[in-house]
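Dropping my_file_31.cif in here (mmCIF, C-alpha atoms):
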```
data_input
#
loop_
_atom_site.group_PDB
_atom_site.id
_atom_site.type_symbol
_atom_site.label_atom_id
_atom_site.label_comp_id
_atom_site.auth_asym_id
_atom_site.auth_seq_id
_atom_site.Cartn_x
_atom_site.Cartn_y
_atom_site.Cartn_z
ATOM 1 C CA MET E 1 4.980 15.114 -5.281
ATOM 2 C CA PRO E 2 1.208 15.092 -5.623
ATOM 3 C CA SER E 3 -0.898 12.053 -4.865
ATOM 4 C CA PHE E 4 -3.991 10.904 -6.719
ATOM 5 C CA LYS E 5 -7.171 9.387 -5.269
ATOM 6 C CA ILE E 6 -8.153 5.979 -6.585
ATOM 7 C CA ASP E 7 -11.860 5.137 -6.712
ATOM 8 C CA THR E 8 -12.455 1.496 -5.775
ATOM 9 C CA SER E 9 -16.232 1.859 -5.329
ATOM 10 C CA THR E 10 -16.994 -0.418 -8.305
ATOM 11 C CA ALA E 11 -14.058 -2.797 -7.761
ATOM 12 C CA VAL E 12 -13.863 -6.191 -6.103
ATOM 13 C CA VAL E 13 -10.939 -6.243 -3.660
ATOM 14 C CA PHE E 14 -9.353 -9.284 -1.978
ATOM 15 C CA VAL E 15 -6.332 -9.761 0.247
ATOM 16 C CA ALA E 16 -3.557 -11.395 -1.789
ATOM 17 C CA THR E 17 -0.831 -11.344 0.886
ATOM 18 C CA PRO E 18 -1.401 -10.776 4.609
ATOM 19 C CA PRO E 19 -0.260 -7.597 6.374
ATOM 20 C CA ALA E 20 3.451 -7.404 7.177
ATOM 21 C CA PRO E 21 5.420 -4.639 8.882
ATOM 22 C CA LYS E 22 6.838 -2.075 6.436
ATOM 23 C CA LEU E 23 10.580 -1.934 7.095
ATOM 24 C CA VAL E 24 12.811 1.123 6.842
ATOM 25 C CA SER E 25 15.827 -1.176 6.657
ATOM 26 C CA LYS E 26 16.001 -4.933 6.200
ATOM 27 C CA GLN E 27 19.417 -4.955 7.902
ATOM 28 C CA THR E 28 18.189 -3.363 11.143
ATOM 29 C CA GLY E 29 14.574 -4.538 11.049
ATOM 30 C CA GLU E 30 13.417 -0.987 11.857
ATOM 31 C CA ILE E 31 9.688 -0.590 11.169
ATOM 32 C CA ALA E 32 8.489 2.481 9.249
ATOM 33 C CA ILE E 33 6.298 4.929 11.164
ATOM 34 C CA ASP E 34 3.430 7.059 9.825
ATOM 35 C CA ARG E 35 4.542 10.690 10.084
ATOM 36 C CA GLU E 36 0.993 11.946 10.700
ATOM 37 C CA THR E 37 -0.257 9.462 13.314
ATOM 38 C CA GLY E 38 2.927 7.932 14.734
ATOM 39 C CA ALA E 39 1.496 4.446 14.076
ATOM 40 C CA PRO E 40 3.712 1.676 12.677
ATOM 41 C CA LEU E 41 3.119 1.033 8.965
ATOM 42 C CA ALA E 42 2.133 -2.260 7.382
ATOM 43 C CA THR E 43 2.095 -3.456 3.778
ATOM 44 C CA VAL E 44 -0.799 -5.539 2.443
ATOM 45 C CA GLY E 45 -0.991 -7.181 -0.979
ATOM 46 C CA LEU E 46 -4.380 -6.496 -2.545
ATOM 47 C CA LEU E 47 -5.932 -7.943 -5.676
ATOM 48 C CA ILE E 48 -8.137 -5.228 -7.160
ATOM 49 C CA SER E 49 -10.425 -6.233 -10.016
ATOM 50 C CA ASP E 50 -12.516 -3.724 -11.950
ATOM 51 C CA GLU E 51 -13.930 -3.487 -15.469
ATOM 52 C CA GLY E 52 -12.598 -6.927 -16.429
ATOM 53 C CA GLU E 53 -9.025 -6.263 -15.306
ATOM 54 C CA GLY E 54 -7.317 -7.443 -12.131
ATOM 55 C CA ASN E 55 -4.044 -6.185 -10.675
ATOM 56 C CA LEU E 56 -1.954 -6.883 -7.603
ATOM 57 C CA TYR E 57 -0.947 -3.840 -5.527
ATOM 58 C CA GLN E 58 1.262 -3.555 -2.460
ATOM 59 C CA VAL E 59 -0.542 -0.995 -0.298
ATOM 60 C CA THR E 60 0.936 0.746 2.744
ATOM 61 C CA VAL E 61 -1.495 1.294 5.624
ATOM 62 C CA PRO E 62 -1.054 2.483 9.225
ATOM 63 C CA SER E 63 -1.293 -0.629 11.407
ATOM 64 C CA THR E 64 -4.179 1.018 13.279
ATOM 65 C CA GLY E 65 -6.176 0.782 10.026
ATOM 66 C CA VAL E 66 -5.611 -2.942 9.487
ATOM 67 C CA PRO E 67 -8.008 -5.394 11.202
ATOM 68 C CA GLU E 68 -6.777 -8.622 12.749
ATOM 69 C CA GLY E 69 -7.108 -11.865 10.828
ATOM 70 C CA LEU E 70 -6.702 -10.679 7.244
ATOM 71 C CA VAL E 71 -5.698 -13.731 5.230
ATOM 72 C CA PRO E 72 -5.397 -14.308 1.484
ATOM 73 C CA GLY E 73 -8.822 -14.458 -0.134
ATOM 74 C CA THR E 74 -10.541 -12.197 2.400
ATOM 75 C CA PRO E 75 -12.828 -9.679 0.655
ATOM 76 C CA VAL E 76 -12.038 -6.151 1.859
ATOM 77 C CA THR E 77 -12.889 -2.502 1.330
ATOM 78 C CA VAL E 78 -10.074 0.026 0.947
ATOM 79 C CA VAL E 79 -10.543 3.443 2.548
ATOM 80 C CA GLY E 80 -8.741 6.478 1.150
ATOM 81 C CA LEU E 81 -6.569 4.738 -1.460
ATOM 82 C CA LYS E 82 -4.071 7.073 -3.145
ATOM 83 C CA ALA E 83 -1.244 6.637 -5.647
ATOM 84 C CA ARG E 84 1.963 8.653 -5.724
ATOM 85 C CA ASP E 85 4.847 8.454 -8.172
ATOM 86 C CA TRP E 86 8.395 8.326 -6.833
ATOM 87 C CA GLU E 87 11.959 8.431 -8.063
ATOM 88 C CA ASN E 88 15.300 8.017 -6.328
ATOM 89 C CA THR E 89 18.941 7.570 -7.224
ATOM 90 C CA PHE E 90 21.200 5.205 -5.292
ATOM 91 C CA ASN E 91 24.739 4.265 -6.332
ATOM 92 C CA GLY E 92 24.203 5.953 -9.682
ATOM 93 C CA GLN E 93 21.095 3.907 -10.441
ATOM 94 C CA THR E 94 17.842 5.835 -10.898
ATOM 95 C CA ARG E 95 14.683 3.969 -9.999
ATOM 96 C CA HIS E 96 11.080 5.060 -10.227
ATOM 97 C CA GLY E 97 7.627 3.686 -9.657
ATOM 98 C CA ILE E 98 4.233 4.232 -8.094
ATOM 99 C CA SER E 99 3.497 3.698 -4.405
ATOM 100 C CA PHE E 100 0.039 3.046 -3.003
ATOM 101 C CA ARG E 101 -1.214 4.214 0.369
ATOM 102 C CA ALA E 102 -4.553 3.797 2.171
ATOM 103 C CA VAL E 103 -6.040 5.185 5.362
ATOM 104 C CA ALA E 104 -7.546 1.817 6.314
ATOM 105 C CA ILE E 105 -8.673 -1.590 5.123
ATOM 106 C CA THR E 106 -11.908 -3.072 6.427
ATOM 107 C CA ALA E 107 -12.973 -6.712 6.232
ATOM 108 C CA GLY E 108 -15.961 -7.412 4.015
ATOM 109 C CA ALA E 109 -16.857 -5.904 0.686
#
```

Represent the structure of the file as structure tokens.
Amino acid sequence: MPSFKIDTSTAVVFVATPPAPKLVSKQTGEIAIDRETGAPLATVGLLISDEGEGNLYQVTVPSTGVPEGLVPGTPVTVVGLKARDWENTFNGQTRHGISFRAVAITAGA
């Protein structure tokens, strides 16, 4: 499925939830790996506010692109943010949504 670039150049972006390992399976605790770089993946909650509207996004980032010490309220810049729609069927239930992925997050806005 195609992905779409998201322009955050005019947005204000803050950390809402600190980085946490992205798990393949909660039962095994296996951490997801970036297919391109081989780096472990992390998920960061970001509050992105632009044009009078603010939204919370869970963004997946290679751990190599996440600086140490990101805590809620930290202003950040998002590098290479993309959105991709997804759909899967499990046990007869079809689910769908939009996933968000970034190349890196840098501290400071």

With distances taken over only C-alpha atoms, which residue among E:Ser3, E:Thr10, E:Ser49, E:Thr60 lies nearest Val103 of chain E?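 Counting only C-alpha atoms, the residue closest to Val103 of chain E is E:Thr60.
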
Neighbour list for Gly69 of chain E as a PyMOL selection string, cut-off 10 Å, all atoms listed in the file, skip fewer than 5 positions in-chain: chain E and resi 18-19+74+107

Result set, the PyMOL selection byres ((chain E and resi 85) around 7) on current file, as a ChimeraX atom specification: /E:83-84,86,97-99

Hey, which of E:Pro62, E:Gly54, E:Ile105, E:Gly80 ends up closest to Ile31 of chain E? Count only C-alpha atoms. E:Pro62

Could you check the closest approach to Asp7 of chain E for each of E:Val59, E:Ile48, E:Leu70, E:Ala104 and tell me which residue wins, using all atoms listed in the file? E:Ile48

So which residues get picked by the PyMOL selection byres ((chain E and resi 38-47) around 12) here, written as number ranges by chain? E: 8, 11-24, 30-37, 48-50, 53-67, 70-78, 81, 99-105
